[in-house]
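> Dumping the structure here so I can ask a few things about it.
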Amino acid sequence: MSAMERADDSVQTLLFPVYQESLQRLAELPQIGQLLHSAALRPHMGARNAVTWFYGRQQGEPDIVVVGLGDKASFHPARIREAAGNAGRMAVKERRLSVNVSFQAMLNEEKSSDLEAEAVTAWVEGWKLGTYSFDKHKKKTDKPEVPTLHFEQETSTIIQEAIRLGEIRAEGTMWARDLANEPANHLRPFTLADKVKERFAGTGVDVKVFAGEELERLDFAGVIAVGKGSVFPPAFIELRYCTDDSKPLTALIGKGITFDTGGVSLKRDNDISDMRMDMAGAAGVLGALDIVVKSGASANLAVLVPTAENVIAGNALLPSDVIRYANGLTVQVGNTDSEGRLILADALIHAHRIGAAEAIDLATLTYSVVGALGTKIAGVFGDDELALTLKHAGEPFGEKVWQLPLVDEYESYLDSAYADVCNISNGDGGGAITAALFLRKFVDPSLRWAHIDMNGPKDSSSAKGEQAIGATGFGARMLASYIIDRV
C-alpha cells in the first residue's frame, strides 16, 4: 500500500509545523484549541529542531504534535525537511500508524496552493529520508513501521503531484544511500553493474557495461590498472538517457571504488570499514539519474561510472608503475591510495569521446577537502559559471558546495621524473587542489567541466534532521535539479 493513501476515520496524530512567530496561531485553529485543553504553548516549542508531543487525554482523541521551524526571517527550505525527519523518527518511536500533517499554522495568511505544494514535497522528502535506516543485514525483531503520511487536500491534483515529487527525490537519494552503505562483500564492481541494470530496466535508459577485453579495446587504462589486483574484475558502466537531443550532452561521472584498502600503499587507520563508501560519488550520480528518469524530465544525459576494487595482491598496481592513457598522457603512480583520480581520468576522456559538451564528476577524492571545508560542505573546482549553478542547485536541499581555486602554480607539484605527471603531489598542502589539477589534465579544452570533492558530506555520524546514520546520498538531488532545471 502507498504511504500516501487516504487516511481512515480514526486519526491517530495531528502534526503542525510552525514558525516561532506563528506558534500562537495554532491554538486559534478550529478544534485545535479545544484538543490542547489548557496546555500552554511555550516559545521554545517553535524553535528549530523542537518537537513537542501532546498526548490525547481520552480514548479516541488524537495526539497533537508541534514541530518547530525556528525564526521565519532565517527560514530555509531545508528546514522543512529537517523538521520532517526529526518528527518522523519520533513518530516511529511512538509507534504511530498514521500521521496527518497540516500547514495551516505555518502558512496562515500566506497560504497558497504553490506554497502548500512546496511544503508538502519537502515534508514527504524529509520524512522518508529522516526515517531511513540501512538495516537489511540485521535480524529484524519487532521493528516499528514508518507511519503513513496524510495531508489536507491530498486528493487534489496539485497535492498529489507534490507528494509524488517528494517521493521521487527521496527514493533516488535513498537508493544512493543503499549503494554507498552496502558492505564490500555485497557490492563488487559487477554487482554494482547488475543493480544498475535492474534499477533502470524498462525505463528508456540504455545501459552498457564494459569489462575484460572491452576495457582494453577502449583503452580504459586507469580502471584496468587500479582493478587488476582484485579477483573481482573492474568495469566501466555507461548509461544514456537522451530524450531531448536539442540539449547539449551532459556527462555525470561518479567514482566507483567499491572498496579501497589503499592498495600497496595500505591505509593505516585501525578501522577502514567506511571505505565501502568510496563509491559514494557513483551512488550520487546514479541517484541523480534515478530522480531525472522518474520525474519524466527531458534530458540529454550520460552517466559514467568507472568501478573497481582497490586491494593488495601479487599483481596489484605498484608505486612507480607508469600508466599510459587514451589521450597519450603517461602517469607515474606515486601512491596507490590515490587511485580515484586514476579511474576518473578514463571517464573524463570518455566523456569527450562520446560528444559531451560538459562533464561534472563527483568523488570522495581527498581528505584534504575535509580539512578545508569540514564534513558539511563539498569542494567544487573548475568552470566558474558551472560551479555557481551547482551551488544554487544544491542549496534548497542542504547539499552545500563551495568553490575552491585551481592554482596553476601548484601544477609543478605533480611533476614526475619519468612520466608526464605523477598522481600525487610533492608540494606542501593543497591536496584537494592538486587532485583537481591532475583531473584537469584529462579534460578536453572543449569540455566545460566541474569537479566536486564530496568526501566530507558523504556520510553522517548521527541521525538528525533528514540525515540518518551512514551514507547521505549527497549530490543526487543537486545534480538532478541541475539537469531538470537546465533550459
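So you can find residues: chains in the C-alpha cells are A, B, ... in the order shown, residues in each start at 1, and ligands are numbered from 1 in order.
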What are the closest atom pairs, with distances in Å to one decimal, for all residues of range 265-348 of chain A lying within 6 Å of range 166-176 of chain A? Consider only C-alpha atoms, order rows by chain and residue number, and present the result as a Markdown table.

| residue | atom | partner | partner_atom | distance |
| --- | --- | --- | --- | --- |
| A:Ala283 | CA | A:Ala176 | CA | 4.5 |
| A:Gly284 | CA | A:Ala176 | CA | 5.6 |
| A:Gly287 | CA | A:Gly172 | CA | 4.6 |
| A:Asp290 | CA | A:Gly172 | CA | 5.4 |
| A:Ile291 | CA | A:Gly172 | CA | 5.3 |
> Quick one: write out the picked residues with C-alpha atoms as a CSV table (one decimal), in the first residue's frame?

chain,number,residue,atom,x,y,z
A,283,ALA,CA,26.0,6.4,-5.9
A,284,GLY,CA,25.3,10.1,-6.1
A,287,GLY,CA,20.7,8.5,-7.7
A,290,ASP,CA,17.0,7.8,-11.0
A,291,ILE,CA,15.4,11.1,-10.0
> Show which residues sit within 10 Å of Leu23 in chain A, as a PDB file with C-alpha atoms, in the first residue's frame. Count only C-alpha atoms, and ignore same-chain residues fewer than 4 positions away.

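Wrote it out as selection-v9.pdb, contents follow:
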ATOM      1  CA  PHE A  16       1.623  21.042  12.850  1.00  0.00           C
ATOM      2  CA  PRO A  17       4.908  22.625  11.628  1.00  0.00           C
ATOM      3  CA  VAL A  18       5.159  26.201  12.974  1.00  0.00           C
ATOM      4  CA  TYR A  19       7.493  29.174  12.949  1.00  0.00           C
ATOM      5  CA  ALA A  27      -4.447  27.488  19.370  1.00  0.00           C
ATOM      6  CA  GLU A  28      -6.698  29.682  17.224  1.00  0.00           C
ATOM      7  CA  LEU A  41       2.250  26.799  24.051  1.00  0.00           C
ATOM      8  CA  ARG A  42       5.721  27.945  25.113  1.00  0.00           C
ATOM      9  CA  PRO A  43       8.035  29.958  22.809  1.00  0.00           C
ATOM     10  CA  HIS A  44      10.682  27.220  22.749  1.00  0.00           C
ATOM     11  CA  MET A  45       8.187  24.876  21.033  1.00  0.00           C
ATOM     12  CA  GLY A  46       8.588  26.853  17.821  1.00  0.00           C
ATOM     13  CA  ALA A  47      12.394  26.753  17.921  1.00  0.00           C
ATOM     14  CA  VAL A  66       4.052  20.793  17.348  1.00  0.00           C
ATOM     15  CA  VAL A  67       7.188  20.872  15.192  1.00  0.00           C
ATOM     16  CA  GLY A  68       9.342  23.990  15.356  1.00  0.00           C
ATOM     17  CA  ALA A 105      -0.473  27.474  11.320  1.00  0.00           C
ATOM     18  CA  MET A 106       2.736  27.830   9.328  1.00  0.00           C
TER      19      MET A 106
END
> Using only C-alpha atoms, determine which residues lie at most 12 Å from Leu329 in chain A, disregarding the query and same-chain residues fewer than 2 positions distant; provide the list as a PDB file with C-alpha atoms, in the first residue's frame.

ATOM      1  CA  ALA A 221      43.956   2.294 -18.669  1.00  0.00           C
ATOM      2  CA  GLY A 222      43.241   3.653 -15.177  1.00  0.00           C
ATOM      3  CA  VAL A 322      53.516   4.040 -15.307  1.00  0.00           C
ATOM      4  CA  ILE A 323      50.058   4.150 -16.921  1.00  0.00           C
ATOM      5  CA  ARG A 324      49.543   5.405 -20.483  1.00  0.00           C
ATOM      6  CA  TYR A 325      46.092   6.913 -21.075  1.00  0.00           C
ATOM      7  CA  ALA A 326      43.992   7.158 -24.230  1.00  0.00           C
ATOM      8  CA  ASN A 327      44.846  10.862 -24.614  1.00  0.00           C
ATOM      9  CA  VAL A 331      51.131   8.868 -15.262  1.00  0.00           C
ATOM     10  CA  GLN A 332      53.616   7.770 -12.633  1.00  0.00           C
ATOM     11  CA  LEU A 342      43.277   7.349 -11.998  1.00  0.00           C
ATOM     12  CA  ALA A 345      40.762  10.246 -15.814  1.00  0.00           C
ATOM     13  CA  ASP A 346      39.377   7.467 -18.026  1.00  0.00           C
ATOM     14  CA  ILE A 349      38.488  11.187 -21.622  1.00  0.00           C
ATOM     15  CA  SER A 416      57.364  13.312 -12.462  1.00  0.00           C
ATOM     16  CA  TYR A 418      59.980   9.659 -15.701  1.00  0.00           C
ATOM     17  CA  ALA A 419      56.356  10.277 -16.771  1.00  0.00           C
ATOM     18  CA  ASP A 420      54.258  13.235 -17.886  1.00  0.00           C
ATOM     19  CA  VAL A 421      52.634  13.589 -14.484  1.00  0.00           C
ATOM     20  CA  CYS A 422      52.575  11.938 -11.061  1.00  0.00           C
ATOM     21  CA  ASN A 423      49.306  11.001  -9.369  1.00  0.00           C
ATOM     22  CA  PHE A 438      45.517  16.260 -12.002  1.00  0.00           C
ATOM     23  CA  LEU A 439      41.980  15.654 -13.288  1.00  0.00           C
ATOM     24  CA  LYS A 441      44.888  17.296 -17.460  1.00  0.00           C
ATOM     25  CA  PHE A 442      42.353  14.804 -18.813  1.00  0.00           C
ATOM     26  CA  VAL A 443      39.643  17.360 -19.624  1.00  0.00           C
TER      27      VAL A 443
END
> Residues of range 390-486 of chain A in helix (DSSP H, G or I) according to DSSP, as a PyMOL selection string?
chain A and resi 390-397+408-414+431-440+476-485
> Residues of range 325-434 of chain A that have any atom at most 7 Å from an atom of range 69-93 of chain A: could you tabulate them with the shortest-distance atom pair and the distance in Å to one decimal, using only C-alpha atoms, ordered by chain and increasing number, as a tab-separated table?

residue	atom	partner	partner_atom	distance
A:Pro396	CA	A:Pro77	CA	5.7
A:Phe397	CA	A:Ala78	CA	5.5
A:Gly398	CA	A:Ala78	CA	5.8
> For Leu35 in chain A, list every protein, DNA or RNA residue within 12 Å, evaluated using only C-alpha atoms, and leave out those in the same chain fewer than 4 positions away; present the list as a short mmCIF file (atom, residue, chain, number, x, y, z; two decimals) with C-alpha atoms, in the first residue's frame.

data_model
loop_
_atom_site.label_atom_id
_atom_site.label_comp_id
_atom_site.auth_asym_id
_atom_site.auth_seq_id
_atom_site.Cartn_x
_atom_site.Cartn_y
_atom_site.Cartn_z
CA THR A 13 -1.84 12.03 15.30
CA LEU A 14 -2.20 15.62 14.09
CA LEU A 26 -2.11 27.08 16.40
CA ALA A 27 -4.45 27.49 19.37
CA GLU A 28 -6.70 29.68 17.22
CA LEU A 29 -7.32 26.98 14.64
CA PRO A 30 -10.81 25.42 14.78
CA GLN A 31 -10.97 22.45 17.17
CA ALA A 39 -1.83 23.11 27.71
CA ALA A 40 0.38 26.15 27.30
CA PHE A 54 0.74 16.49 23.39
CA TYR A 55 -0.91 13.13 24.03
CA GLY A 56 -4.67 12.74 23.64
CA ARG A 57 -6.28 12.68 27.08
CA GLN A 58 -9.06 10.25 26.38
CA GLY A 60 -10.20 8.31 20.51
CA GLU A 61 -8.68 11.75 21.00
CA PRO A 62 -5.74 12.37 18.67
CA ASP A 63 -2.29 13.46 19.76
CA ILE A 64 -1.13 16.95 18.77
CA VAL A 65 2.49 17.34 17.68
#
> Nearest to Ala119 in chain A: which of A:Gln104, A:Thr258, A:Asn300, A:Ser425 is it, counting only C-alpha atoms?
A:Gln104
